[in-house]
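**Q** File upload-v3.txt below, compact mmCIF, C-alpha atoms:
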# COMPACT_ATOMS: atom_id res chain seq x y z
CA PHE A 171 -11.43 15.93 52.41
CA PHE A 172 -12.72 19.09 50.74
CA ASN A 173 -14.49 21.33 53.28
CA GLN A 174 -13.65 18.84 56.07
CA GLY A 175 -15.93 16.38 54.27
CA GLN A 176 -18.91 18.59 55.11
CA VAL A 177 -20.14 18.76 51.55
CA CYS A 178 -22.81 16.83 49.68
CA THR A 179 -20.32 15.82 46.99
CA ALA A 180 -17.73 14.41 49.39
CA SER A 181 -15.69 11.55 47.94
CA SER A 182 -16.38 9.25 50.86
CA ARG A 183 -16.48 6.03 48.77
CA VAL A 184 -13.45 5.70 46.52
CA PHE A 185 -13.33 2.68 44.23
CA VAL A 186 -9.82 1.79 43.05
CA HIS A 187 -8.95 -0.97 40.59
CA GLU A 188 -7.36 -3.91 42.37
CA ASN A 189 -4.19 -3.63 40.24
CA VAL A 190 -3.33 -0.20 41.71
CA HIS A 191 -5.21 -0.35 45.03
CA ASP A 192 -2.24 -0.89 47.35
CA GLU A 193 -0.08 1.77 45.69
CA PHE A 194 -3.03 4.20 45.71
CA VAL A 195 -3.61 3.62 49.43
CA ARG A 196 0.10 4.04 50.22
CA LYS A 197 0.23 7.39 48.39
CA LEU A 198 -3.10 8.50 49.87
CA VAL A 199 -1.89 7.76 53.40
CA GLU A 200 1.33 9.74 52.77
CA ALA A 201 -0.64 12.73 51.43
CA THR A 202 -3.23 12.52 54.22
CA LYS A 203 -0.55 12.63 56.91
CA LYS A 204 0.76 15.89 55.42
CA ARG A 205 -2.60 17.72 55.55
CA VAL A 206 -2.46 20.75 57.83
CA GLN A 207 -5.39 21.30 60.19
CA GLY A 208 -6.16 24.49 62.03
CA ASN A 209 -7.75 27.89 61.48
CA PRO A 210 -9.46 27.61 58.08
CA PHE A 211 -8.75 31.29 57.41
CA SER A 212 -4.98 30.70 57.49
CA ALA A 213 -3.40 30.31 54.06
CA ASP A 214 -1.29 27.29 55.06
CA VAL A 215 -4.24 25.35 56.53
CA GLN A 216 -6.01 22.71 54.44
CA MET A 217 -8.66 21.55 56.92
CA GLY A 218 -10.66 23.27 59.60
CA PRO A 219 -12.91 21.80 62.29
CA GLN A 220 -16.31 20.18 62.03
CA VAL A 221 -19.09 22.75 62.17
CA SER A 222 -20.33 21.82 65.67
CA GLU A 223 -19.90 19.46 68.59
CA GLU A 224 -22.92 17.53 67.35
CA GLN A 225 -21.33 17.02 63.92
CA PHE A 226 -18.00 16.10 65.51
CA ASN A 227 -19.73 13.43 67.63
CA THR A 228 -21.65 12.12 64.62
CA VAL A 229 -18.51 11.78 62.49
CA TYR A 230 -16.52 10.27 65.33
CA GLY A 231 -19.37 7.79 65.85
CA TYR A 232 -19.07 6.71 62.21
CA ILE A 233 -15.32 6.20 62.65
CA LYS A 234 -15.92 4.00 65.70
CA LYS A 235 -18.64 2.11 63.80
CA GLY A 236 -16.30 1.50 60.86
CA LYS A 237 -13.68 0.02 63.17
CA ALA A 238 -16.28 -2.07 65.02
CA GLU A 239 -17.62 -3.48 61.74
CA GLY A 240 -14.13 -4.59 60.71
CA ALA A 241 -12.86 -1.84 58.41
CA ASN A 242 -9.14 -1.09 58.67
CA CYS A 243 -8.34 2.50 59.68
CA VAL A 244 -5.01 3.11 57.90
CA VAL A 245 -4.63 6.77 58.87
CA GLY A 246 -6.44 9.24 61.13
CA GLY A 247 -9.51 8.31 63.07
CA LYS A 248 -8.84 10.46 66.11
CA LYS A 249 -9.47 13.92 67.49
CA ALA A 250 -6.86 16.25 65.99
CA HIS A 251 -6.49 19.09 68.51
CA SER A 252 -7.17 19.60 72.20
CA LYS A 253 -9.48 22.56 71.39
CA GLY A 254 -12.26 22.64 68.84
CA TYR A 255 -14.04 20.01 66.80
CA PHE A 256 -11.12 18.78 64.70
CA ILE A 257 -11.08 15.22 63.42
CA GLN A 258 -8.02 13.82 61.69
CA PRO A 259 -8.64 13.06 58.02
CA THR A 260 -9.44 9.36 58.10
CA VAL A 261 -8.95 6.62 55.52
CA PHE A 262 -10.40 3.13 55.80
CA THR A 263 -9.59 0.04 53.74
CA ASN A 264 -11.15 -3.44 53.85
CA VAL A 265 -14.56 -1.78 53.65
CA THR A 266 -17.43 -3.88 52.36
CA ASP A 267 -20.50 -2.47 50.66
CA ASP A 268 -22.75 -3.44 53.56
CA MET A 269 -20.78 -1.52 56.20
CA THR A 270 -22.35 1.59 57.67
CA ILE A 271 -19.46 3.81 56.52
CA ALA A 272 -20.11 2.67 52.93
CA ARG A 273 -23.90 2.99 53.11
CA GLU A 274 -24.49 6.29 54.91
CA GLU A 275 -23.50 9.88 54.27
CA ILE A 276 -20.91 10.70 56.94
CA PHE A 277 -20.49 14.41 56.16
CA GLY A 278 -16.99 14.44 57.63
CA PRO A 279 -13.35 13.78 56.69
CA VAL A 280 -13.74 10.02 56.29
CA MET A 281 -12.89 8.10 53.13
CA SER A 282 -13.46 4.42 52.38
CA VAL A 283 -11.13 3.02 49.71
CA MET A 284 -12.57 -0.10 48.13
CA SER A 285 -11.08 -2.24 45.37
CA TYR A 286 -12.88 -3.58 42.33
CA LYS A 287 -12.04 -5.94 39.46
CA THR A 288 -14.27 -5.01 36.52
CA MET A 289 -16.08 -2.01 35.11
CA ASP A 290 -19.42 -3.81 35.48
CA GLU A 291 -18.68 -4.37 39.17
CA VAL A 292 -17.70 -0.78 39.95
CA ILE A 293 -20.72 0.64 38.11
CA ARG A 294 -23.07 -1.73 39.96
CA ARG A 295 -21.49 -0.85 43.31
CA ALA A 296 -21.42 2.88 42.61
CA ASN A 297 -25.11 2.78 41.75
CA ASP A 298 -25.99 0.72 44.83
CA SER A 299 -26.62 3.79 46.96
CA CYS A 300 -29.57 5.96 47.84
CA TYR A 301 -27.25 8.93 47.30
CA GLY A 302 -26.08 10.03 43.90
CA LEU A 303 -25.38 13.71 43.75
CA ALA A 304 -21.87 13.28 42.35
CA ALA A 305 -19.39 10.73 41.04
CA GLY A 306 -16.07 10.83 39.32
CA ILE A 307 -13.64 8.71 37.35
CA PHE A 308 -9.94 9.03 36.68
CA THR A 309 -8.82 7.21 33.54
CA LYS A 310 -6.63 7.52 30.46
CA ASP A 311 -9.18 5.62 28.36
CA ILE A 312 -11.92 7.75 26.76
CA ASN A 313 -14.10 4.68 26.16
CA THR A 314 -13.96 3.79 29.86
CA ALA A 315 -14.87 7.37 30.78
CA SER A 316 -17.73 7.39 28.29
CA ARG A 317 -19.17 4.13 29.59
CA TYR A 318 -18.94 5.36 33.19
CA LEU A 319 -20.66 8.62 32.24
CA ASP A 320 -23.46 6.69 30.56
CA ASP A 321 -24.00 4.07 33.26
CA VAL A 322 -23.40 5.71 36.63
CA LYS A 323 -26.50 7.29 38.12
CA ALA A 324 -25.35 10.62 39.53
CA GLY A 325 -26.36 14.23 39.10
CA THR A 326 -22.81 15.26 38.26
CA VAL A 327 -20.04 13.02 36.97
CA TRP A 328 -16.52 14.41 36.75
CA VAL A 329 -13.80 12.93 34.53
CA ASN A 330 -10.17 13.24 35.65
CA THR A 331 -11.10 15.81 38.29
CA TYR A 332 -13.35 15.98 41.34
CA ASN A 333 -15.34 18.75 43.01
CA SER A 334 -14.46 21.13 40.19
CA PHE A 335 -17.04 23.81 39.61
CA ASP A 336 -17.21 26.71 37.18
CA SER A 337 -16.90 30.05 38.93
Could the structure of this file be written out as structure tokens, please?

**A**
Amino acid sequence: FFNQGQVCTASSRVFVHENVHDEFVRKLVEATKKRVQGNPFSADVQMGPQVSEEQFNTVYGYIKKGKAEGANCVVGGKKAHSKGYFIQPTVFTNVTDDMTIAREEIFGPVMSVMSYKTMDEVIRRANDSCYGLAAGIFTKDINTASRYLDDVKAGTVWVNTYNSFDS
């Protein structure tokens, strides 16, 4: 949800191994509910508004489309404040690769969590996108990380971190 999802490297598709998927989603939902929205210049705020009414409407349209196509909205999915262009950070499960929210760049605080079984599967699915600016993997296995680095087609691939840049 970095920068309200308004960043080209947003982690909008998150692939999680089926063995840890449910626990990951449970913890993600808990953490998402605790995110503080408001004035982005306040130290205690983690998320500000969308940049414009147009962007708000676009993102909200994707959320409605995700629900209409059968994805399960497990947290968020609504306007967050009565004033401004705030959208609750939103997490979907039961997302298939052919759904709009998995195929298009939303540019908002919307995350699709999708399970996978094998490394071959997740690499194929990660590469099945016209986008590819960034990707990341979290693993304890250096061989898994190395294979992912070699096989995923992305301009930047992070290992055990995400959206980390040198300053």

**Q** Taking all atoms listed in the file into account, name the residue in A:Thr288, A:Thr179, A:Ser252, A:Thr270 that is nearest to Asn333 of chain A.

**A**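 The answer is A:Thr179, which sits nearest to Asn333 of chain A.
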
**Q** Excluding Tyr230 of chain A and any residue of its chain fewer than 4 positions from it, enumerate the residues within 12 Å of it, using all atoms listed in the file, and give them as a CSV table (one decimal) with C-alpha atoms, in the coordinates of the input.

**A**
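Here's the written file selection_0.csv:
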chain,number,residue,atom,x,y,z
A,220,GLN,CA,-16.3,20.2,62.0
A,223,GLU,CA,-19.9,19.5,68.6
A,224,GLU,CA,-22.9,17.5,67.4
A,225,GLN,CA,-21.3,17.0,63.9
A,226,PHE,CA,-18.0,16.1,65.5
A,234,LYS,CA,-15.9,4.0,65.7
A,235,LYS,CA,-18.6,2.1,63.8
A,236,GLY,CA,-16.3,1.5,60.9
A,237,LYS,CA,-13.7,0.0,63.2
A,246,GLY,CA,-6.4,9.2,61.1
A,247,GLY,CA,-9.5,8.3,63.1
A,248,LYS,CA,-8.8,10.5,66.1
A,249,LYS,CA,-9.5,13.9,67.5
A,250,ALA,CA,-6.9,16.2,66.0
A,255,TYR,CA,-14.0,20.0,66.8
A,256,PHE,CA,-11.1,18.8,64.7
A,257,ILE,CA,-11.1,15.2,63.4
A,258,GLN,CA,-8.0,13.8,61.7
A,259,PRO,CA,-8.6,13.1,58.0
A,260,THR,CA,-9.4,9.4,58.1
A,271,ILE,CA,-19.5,3.8,56.5
A,276,ILE,CA,-20.9,10.7,56.9
A,277,PHE,CA,-20.5,14.4,56.2
A,278,GLY,CA,-17.0,14.4,57.6
A,279,PRO,CA,-13.4,13.8,56.7
A,280,VAL,CA,-13.7,10.0,56.3

**Q** Need the shell around Arg196 of chain A: protein/DNA/RNA residues with any atom at most 12 Å away, counting all atoms listed in the file. Skip same-chain ones fewer than 2 positions apart. Format as a compact mmCIF listing (two decimals) with C-alpha atoms, in the coordinates of the input?

**A**
# COMPACT_ATOMS: atom_id res chain seq x y z
CA VAL A 190 -3.33 -0.20 41.71
CA HIS A 191 -5.21 -0.35 45.03
CA ASP A 192 -2.24 -0.89 47.35
CA GLU A 193 -0.08 1.77 45.69
CA PHE A 194 -3.03 4.20 45.71
CA LEU A 198 -3.10 8.50 49.87
CA VAL A 199 -1.89 7.76 53.40
CA GLU A 200 1.33 9.74 52.77
CA ALA A 201 -0.64 12.73 51.43
CA THR A 202 -3.23 12.52 54.22
CA LYS A 203 -0.55 12.63 56.91
CA VAL A 244 -5.01 3.11 57.90
CA VAL A 245 -4.63 6.77 58.87
CA VAL A 261 -8.95 6.62 55.52
CA PHE A 262 -10.40 3.13 55.80
CA THR A 263 -9.59 0.04 53.74
CA VAL A 283 -11.13 3.02 49.71

**Q** Need to verify the contact set: Lys323 of chain A, 8 Å, only C-alpha atoms, exclusion of same-chain residues closer than 2 positions in sequence. Can you return it as an NGL selection string?

**A** :A and (297 or 302 or 321 or 325)

**Q** Counting only C-alpha atoms, figure out which residue out of A:Thr266, A:Thr314, A:Thr331, A:Ser285 gets nearest to Gly240 of chain A.

**A**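 Distance minimum relative to Gly240 of chain A lands on A:Thr266.
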
**Q** Pick from A:Phe171, A:Val177, A:Glu188, A:Asp214: nearest to Tyr286 of chain A, with only C-alpha atoms counted?

**A**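 Going through A:Phe171, A:Val177, A:Glu188, A:Asp214 one by one, the smallest distance to Tyr286 of chain A is for A:Glu188.
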
**Q** Just the number, please: distance in Å from atom CA of Arg205 of chain A to atom CA of Ser222 of chain A, one decimal.

**A**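 Distance reported for this atom pair: 20.8 Å.
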
**Q** Write out as a list in words the residues lying within 10 Å of Gln216 of chain A, counting all atoms listed in the file and excluding same-chain residues fewer than 2 positions away.

**A**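 Non-adjacent residues within range: Phe171, Phe172, Asn173, Gln174, Lys204, Arg205, Val206, Gln207, Gly208, Asn209, Pro210, Phe211, Ser212, Ala213, Asp214 and Gly218 of chain A.
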
**Q** Using Å and a single decimal, report how far atom CA of Val221 of chain A sits from atom CA of Ser282 of chain A.

**A**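 Between these atoms lies a distance of 21.5 Å.
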
**Q** Provide an axis-aligned box for all listed atoms of segment 206-213 of chain A, padding each side by 6 Å; report its centre and its edge lengths in Å to one decimal, as JSON.

**A**
{"center_x": -6.0, "center_y": 26.0, "center_z": 58.0, "size_x": 19.0, "size_y": 22.5, "size_z": 20.0}

**Q** Measuring between only C-alpha atoms, which one of A:Met289, A:Ser181, A:Asn189, A:Met281 shows the shortest distance to Val327 of chain A?

**A** A:Ser181

**Q** Grab the atom CA of Gln176 of chain A to atom CA of Ala305 of chain A distance for me, in Å with one decimal place.

**A**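 Between these atoms lies a distance of 16.1 Å.
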
**Q** Tell me which protein, DNA and RNA residues are within 8 Å of Met269 of chain A, counting all atoms listed in the file, leaving out same-chain ones fewer than 4 positions away, and put them as a VMD selection string.

**A** chain A and resid 236 239 265 273

**Q** Using all atoms listed in the file, which residue out of A:Ala324, A:Val195, A:Ala180, A:Val229 lies closest to Tyr301 of chain A?

**A**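 Closest candidate: A:Ala324.
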
**Q** Missing atoms in segment 309-320 of chain A need filling: write out N, CA, C and O atoms for it as a PDB file, keeping the file's coordinate frame.

**A**
ATOM      1  N   THR A 309      -9.221   8.218  34.511  1.00  0.00           N
ATOM      2  CA  THR A 309      -8.820   7.210  33.540  1.00  0.00           C
ATOM      3  C   THR A 309      -8.101   7.863  32.367  1.00  0.00           C
ATOM      4  O   THR A 309      -8.316   9.045  32.082  1.00  0.00           O
ATOM      5  N   LYS A 310      -7.280   7.071  31.695  1.00  0.00           N
ATOM      6  CA  LYS A 310      -6.630   7.520  30.460  1.00  0.00           C
ATOM      7  C   LYS A 310      -7.424   7.075  29.239  1.00  0.00           C
ATOM      8  O   LYS A 310      -7.130   7.479  28.124  1.00  0.00           O
ATOM      9  N   ASP A 311      -8.425   6.237  29.453  1.00  0.00           N
ATOM     10  CA  ASP A 311      -9.180   5.620  28.360  1.00  0.00           C
ATOM     11  C   ASP A 311     -10.520   6.338  28.169  1.00  0.00           C
ATOM     12  O   ASP A 311     -11.411   6.260  29.020  1.00  0.00           O
ATOM     13  N   ILE A 312     -10.691   6.992  27.043  1.00  0.00           N
ATOM     14  CA  ILE A 312     -11.920   7.750  26.760  1.00  0.00           C
ATOM     15  C   ILE A 312     -13.141   6.836  26.688  1.00  0.00           C
ATOM     16  O   ILE A 312     -14.242   7.234  27.082  1.00  0.00           O
ATOM     17  N   ASN A 313     -12.965   5.610  26.232  1.00  0.00           N
ATOM     18  CA  ASN A 313     -14.100   4.680  26.160  1.00  0.00           C
ATOM     19  C   ASN A 313     -14.561   4.274  27.563  1.00  0.00           C
ATOM     20  O   ASN A 313     -15.762   4.137  27.813  1.00  0.00           O
ATOM     21  N   THR A 314     -13.621   4.096  28.473  1.00  0.00           N
ATOM     22  CA  THR A 314     -13.960   3.790  29.860  1.00  0.00           C
ATOM     23  C   THR A 314     -14.712   4.965  30.481  1.00  0.00           C
ATOM     24  O   THR A 314     -15.744   4.786  31.136  1.00  0.00           O
ATOM     25  N   ALA A 315     -14.211   6.166  30.256  1.00  0.00           N
ATOM     26  CA  ALA A 315     -14.870   7.370  30.780  1.00  0.00           C
ATOM     27  C   ALA A 315     -16.281   7.494  30.224  1.00  0.00           C
ATOM     28  O   ALA A 315     -17.232   7.786  30.955  1.00  0.00           O
ATOM     29  N   SER A 316     -16.429   7.265  28.934  1.00  0.00           N
ATOM     30  CA  SER A 316     -17.730   7.390  28.290  1.00  0.00           C
ATOM     31  C   SER A 316     -18.725   6.369  28.853  1.00  0.00           C
ATOM     32  O   SER A 316     -19.882   6.707  29.133  1.00  0.00           O
ATOM     33  N   ARG A 317     -18.281   5.152  29.025  1.00  0.00           N
ATOM     34  CA  ARG A 317     -19.170   4.130  29.590  1.00  0.00           C
ATOM     35  C   ARG A 317     -19.586   4.498  31.006  1.00  0.00           C
ATOM     36  O   ARG A 317     -20.749   4.370  31.388  1.00  0.00           O
ATOM     37  N   TYR A 318     -18.642   4.965  31.816  1.00  0.00           N
ATOM     38  CA  TYR A 318     -18.940   5.360  33.190  1.00  0.00           C
ATOM     39  C   TYR A 318     -19.957   6.507  33.190  1.00  0.00           C
ATOM     40  O   TYR A 318     -20.930   6.480  33.943  1.00  0.00           O
ATOM     41  N   LEU A 319     -19.732   7.486  32.347  1.00  0.00           N
ATOM     42  CA  LEU A 319     -20.660   8.620  32.240  1.00  0.00           C
ATOM     43  C   LEU A 319     -22.070   8.147  31.889  1.00  0.00           C
ATOM     44  O   LEU A 319     -23.058   8.657  32.418  1.00  0.00           O
ATOM     45  N   ASP A 320     -22.156   7.186  30.989  1.00  0.00           N
ATOM     46  CA  ASP A 320     -23.460   6.690  30.560  1.00  0.00           C
ATOM     47  C   ASP A 320     -24.162   5.850  31.625  1.00  0.00           C
ATOM     48  O   ASP A 320     -25.386   5.901  31.745  1.00  0.00           O
TER      49      ASP A 320
END
